[in-house]
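Chemist: Handing you this structure, nothing more for now.
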Amino acid sequence: MLSSDNLKNIAPMDPSDLTIGELLVALADYKDKPLVFRYGGRPVKPGYHVTEVKAGQFAALDCEANPESWSEIFVQLWDVDEGGRVHMPAGKFAAIIRKVSDYVALDQAAKLTFEVSDGVRPMELHRAAQPSLVGGTVEVELSPRPSSCKPRDRWLEEQKAASGCGGSRCY
């Protein structure tokens with residue numbers, strides 16, 4: 001059995017991933033603006049709910065038997081339209097997260113994953129991009145969270161570092 005003593009590798013976070021702390025900081029100046037999450041090329045419906053916020057500590061073995069550990073926060077969005085509702089203000093979303101943090105320890109630097117479902121289709125896992133102000137709304141683009149091979153990802157990073165390459169066009 002693995003113990004925390006032999007979990008040497010902290011799973012690297014994709015630099016394009018947003019943390020809950022970064023999201024809350026980005027929303028702070030727009031508390032009265034509607035917060036619209038977008039996924040699959042469309043916005044969530046105006047009646048969407050934040051149905052659950054979970055925080056987890058994970059320990060795993062990757063495909064080369066390297067121990068990995070990381071923290072992750074899951075925000076579950078129920079994409080429904082309840083007649084006459086509007087998209088929730090960014091400040092209300094932030095207040096929901098603050099309320100959760102009164103009861104659950106939320107690592108502000110943890111990997112952030114959104115679980116999205118309309119209550120009919122299966123839940124999908126997404127990562128969030130930096131919010132942007134579009135017209136009078138704050139939009140957060142959610143994109144499907146891809147799987148990856150951590151040993152390959154580390155090897156690619158080592159190759160990039162060894163070549164002195166710093167841009168995405170280096171591969």
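Ordered as shown in the structure tokens, chains take letters A, B, and onward, while each chain numbers its residues from 1 and ligands are numbered from 1 in the order shown.
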Can you pull out every residue within 7 Å of Pro34 (chain A), counting only C-alpha atoms, but drop anything in the same chain fewer than 6 positions away, and send it as an mmCIF file with all heavy atoms, in the first residue's frame?
Modeler:
data_model
loop_
_atom_site.group_PDB
_atom_site.id
_atom_site.type_symbol
_atom_site.label_atom_id
_atom_site.label_comp_id
_atom_site.auth_asym_id
_atom_site.auth_seq_id
_atom_site.Cartn_x
_atom_site.Cartn_y
_atom_site.Cartn_z
ATOM 1 N N HIS A 87 -29.280 34.526 -15.977
ATOM 2 C CA HIS A 87 -28.002 33.964 -15.534
ATOM 3 C C HIS A 87 -27.615 34.596 -14.199
ATOM 4 O O HIS A 87 -27.785 35.803 -14.007
ATOM 5 C CB HIS A 87 -26.909 34.222 -16.569
ATOM 6 C CG HIS A 87 -27.066 33.387 -17.796
ATOM 7 N ND1 HIS A 87 -27.666 33.857 -18.939
ATOM 8 C CD2 HIS A 87 -26.710 32.108 -18.054
ATOM 9 C CE1 HIS A 87 -27.665 32.908 -19.848
ATOM 10 N NE2 HIS A 87 -27.094 31.832 -19.341
ATOM 11 N N MET A 88 -27.112 33.780 -13.289
ATOM 12 C CA MET A 88 -26.760 34.291 -11.961
ATOM 13 C C MET A 88 -25.618 35.298 -12.059
ATOM 14 O O MET A 88 -24.744 35.172 -12.918
ATOM 15 C CB MET A 88 -26.414 33.163 -10.993
ATOM 16 C CG MET A 88 -25.026 32.600 -11.094
ATOM 17 S SD MET A 88 -24.594 31.462 -9.751
ATOM 18 C CE MET A 88 -25.701 30.114 -9.994
ATOM 19 N N PRO A 89 -25.621 36.300 -11.198
ATOM 20 C CA PRO A 89 -24.520 37.262 -11.165
ATOM 21 C C PRO A 89 -23.226 36.589 -10.690
ATOM 22 O O PRO A 89 -23.263 35.632 -9.905
ATOM 23 C CB PRO A 89 -24.973 38.315 -10.159
ATOM 24 C CG PRO A 89 -26.422 38.075 -9.938
ATOM 25 C CD PRO A 89 -26.692 36.648 -10.273
ATOM 26 N N ALA A 90 -22.111 37.091 -11.161
ATOM 27 C CA ALA A 90 -20.803 36.557 -10.763
ATOM 28 C C ALA A 90 -20.642 36.595 -9.247
ATOM 29 O O ALA A 90 -20.049 35.685 -8.658
ATOM 30 C CB ALA A 90 -19.686 37.347 -11.444
ATOM 31 N N THR A 137 -21.927 40.730 -20.064
ATOM 32 C CA THR A 137 -21.825 39.491 -19.300
ATOM 33 C C THR A 137 -20.375 39.056 -19.124
ATOM 34 O O THR A 137 -19.506 39.423 -19.901
ATOM 35 C CB THR A 137 -22.595 38.331 -19.979
ATOM 36 O OG1 THR A 137 -21.966 38.029 -21.226
ATOM 37 C CG2 THR A 137 -24.046 38.674 -20.209
ATOM 38 N N VAL A 138 -20.152 38.265 -18.086
ATOM 39 C CA VAL A 138 -18.854 37.632 -17.872
ATOM 40 C C VAL A 138 -19.000 36.209 -18.392
ATOM 41 O O VAL A 138 -19.869 35.464 -17.934
ATOM 42 C CB VAL A 138 -18.466 37.613 -16.374
ATOM 43 C CG1 VAL A 138 -17.147 36.888 -16.173
ATOM 44 C CG2 VAL A 138 -18.399 39.029 -15.824
#
Chemist: For the strand (DSSP E or B) assignment from backbone DSSP, which residues of region 54-135 of chain A qualify? Please present them as JSON, numbers by chain.
Modeler: {"A": [54, 55, 56, 57, 58, 59, 60, 61, 67, 68, 69, 70, 71, 72, 73, 74, 75, 76, 77, 78, 89, 111, 112, 113, 114, 115, 116, 117, 124, 125, 126, 127, 128, 132, 133, 134]}
Chemist: Neighbouring residues of Val36 (chain A) were defined as those with any atom within 10 Å, considering only C-alpha atoms; residues of the same chain fewer than 3 positions away were excluded. Please report them as a PyMOL selection string.
Modeler: chain A and resi 33+39+42-46+48+86-90+131+134+137-141
Chemist: Export N, CA and C atoms of the chosen residues as a PDB file, in the first residue's frame?
Modeler:
ATOM      1  N   LYS A  33     -22.444  41.511 -12.730  1.00  0.00           N
ATOM      2  CA  LYS A  33     -22.609  41.083 -14.129  1.00  0.00           C
ATOM      3  C   LYS A  33     -23.080  39.625 -14.176  1.00  0.00           C
ATOM      4  N   TYR A  39     -20.203  25.966 -23.063  1.00  0.00           N
ATOM      5  CA  TYR A  39     -19.600  24.673 -23.376  1.00  0.00           C
ATOM      6  C   TYR A  39     -20.298  24.117 -24.606  1.00  0.00           C
ATOM      7  N   ARG A  42     -22.187  26.631 -26.901  1.00  0.00           N
ATOM      8  CA  ARG A  42     -23.389  27.377 -26.494  1.00  0.00           C
ATOM      9  C   ARG A  42     -23.302  27.755 -25.017  1.00  0.00           C
ATOM     10  N   PRO A  43     -24.086  28.748 -24.615  1.00  0.00           N
ATOM     11  CA  PRO A  43     -24.103  29.127 -23.198  1.00  0.00           C
ATOM     12  C   PRO A  43     -24.976  28.194 -22.377  1.00  0.00           C
ATOM     13  N   VAL A  44     -24.674  28.093 -21.073  1.00  0.00           N
ATOM     14  CA  VAL A  44     -25.582  27.372 -20.182  1.00  0.00           C
ATOM     15  C   VAL A  44     -26.905  28.136 -20.161  1.00  0.00           C
ATOM     16  N   LYS A  45     -27.940  27.439 -19.827  1.00  0.00           N
ATOM     17  CA  LYS A  45     -29.263  28.067 -19.792  1.00  0.00           C
ATOM     18  C   LYS A  45     -29.349  29.037 -18.606  1.00  0.00           C
ATOM     19  N   PRO A  46     -30.222  30.039 -18.698  1.00  0.00           N
ATOM     20  CA  PRO A  46     -30.320  31.043 -17.636  1.00  0.00           C
ATOM     21  C   PRO A  46     -30.665  30.505 -16.254  1.00  0.00           C
ATOM     22  N   TYR A  48     -29.412  27.866 -14.785  1.00  0.00           N
ATOM     23  CA  TYR A  48     -28.443  26.881 -14.304  1.00  0.00           C
ATOM     24  C   TYR A  48     -28.225  27.001 -12.799  1.00  0.00           C
ATOM     25  N   VAL A  86     -32.758  34.461 -14.976  1.00  0.00           N
ATOM     26  CA  VAL A  86     -31.637  35.020 -15.730  1.00  0.00           C
ATOM     27  C   VAL A  86     -30.359  34.357 -15.229  1.00  0.00           C
ATOM     28  N   HIS A  87     -29.280  34.526 -15.977  1.00  0.00           N
ATOM     29  CA  HIS A  87     -28.002  33.964 -15.534  1.00  0.00           C
ATOM     30  C   HIS A  87     -27.615  34.596 -14.199  1.00  0.00           C
ATOM     31  N   MET A  88     -27.112  33.780 -13.289  1.00  0.00           N
ATOM     32  CA  MET A  88     -26.760  34.291 -11.961  1.00  0.00           C
ATOM     33  C   MET A  88     -25.618  35.298 -12.059  1.00  0.00           C
ATOM     34  N   PRO A  89     -25.621  36.300 -11.198  1.00  0.00           N
ATOM     35  CA  PRO A  89     -24.520  37.262 -11.165  1.00  0.00           C
ATOM     36  C   PRO A  89     -23.226  36.589 -10.690  1.00  0.00           C
ATOM     37  N   ALA A  90     -22.111  37.091 -11.161  1.00  0.00           N
ATOM     38  CA  ALA A  90     -20.803  36.557 -10.763  1.00  0.00           C
ATOM     39  C   ALA A  90     -20.642  36.595  -9.247  1.00  0.00           C
ATOM     40  N   PRO A 131     -11.982  34.032 -17.521  1.00  0.00           N
ATOM     41  CA  PRO A 131     -13.221  34.742 -17.865  1.00  0.00           C
ATOM     42  C   PRO A 131     -12.946  35.963 -18.745  1.00  0.00           C
ATOM     43  N   VAL A 134     -17.910  40.079 -22.147  1.00  0.00           N
ATOM     44  CA  VAL A 134     -18.479  40.123 -23.490  1.00  0.00           C
ATOM     45  C   VAL A 134     -19.800  40.863 -23.385  1.00  0.00           C
ATOM     46  N   THR A 137     -21.927  40.730 -20.064  1.00  0.00           N
ATOM     47  CA  THR A 137     -21.825  39.491 -19.300  1.00  0.00           C
ATOM     48  C   THR A 137     -20.375  39.056 -19.124  1.00  0.00           C
ATOM     49  N   VAL A 138     -20.152  38.265 -18.086  1.00  0.00           N
ATOM     50  CA  VAL A 138     -18.854  37.632 -17.872  1.00  0.00           C
ATOM     51  C   VAL A 138     -19.000  36.209 -18.392  1.00  0.00           C
ATOM     52  N   GLU A 139     -18.165  35.863 -19.369  1.00  0.00           N
ATOM     53  CA  GLU A 139     -18.240  34.537 -19.967  1.00  0.00           C
ATOM     54  C   GLU A 139     -17.029  33.711 -19.582  1.00  0.00           C
ATOM     55  N   VAL A 140     -17.291  32.443 -19.248  1.00  0.00           N
ATOM     56  CA  VAL A 140     -16.232  31.485 -18.944  1.00  0.00           C
ATOM     57  C   VAL A 140     -16.404  30.322 -19.895  1.00  0.00           C
ATOM     58  N   GLU A 141     -15.437  30.160 -20.778  1.00  0.00           N
ATOM     59  CA  GLU A 141     -15.477  29.062 -21.744  1.00  0.00           C
ATOM     60  C   GLU A 141     -15.003  27.778 -21.070  1.00  0.00           C
TER      61      GLU A 141
END
Chemist: Mind giving me the straight-line distance from CA of Ile96 (chain A) to CA of Leu133 (chain A) in Å, one decimal?
Modeler: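 Going from CA of Ile96 (chain A) over to CA of Leu133 (chain A), I get 20.8 Å.
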Chemist: Fewer than 5 positions away in the same chain doesn't count, so skip those; otherwise give me all residues within 9 Å of region 110-122 of chain A, counting only C-alpha atoms, as an MDAnalysis selection string.
Modeler: chainID A and resid 13:14 17:21 39 48 55 70:80 127:128 142 145
Chemist: What's the separation between CA of Gly41 (chain A) and CA of Ser147 (chain A), in Å to one decimal place?
Modeler: 20.6 Å
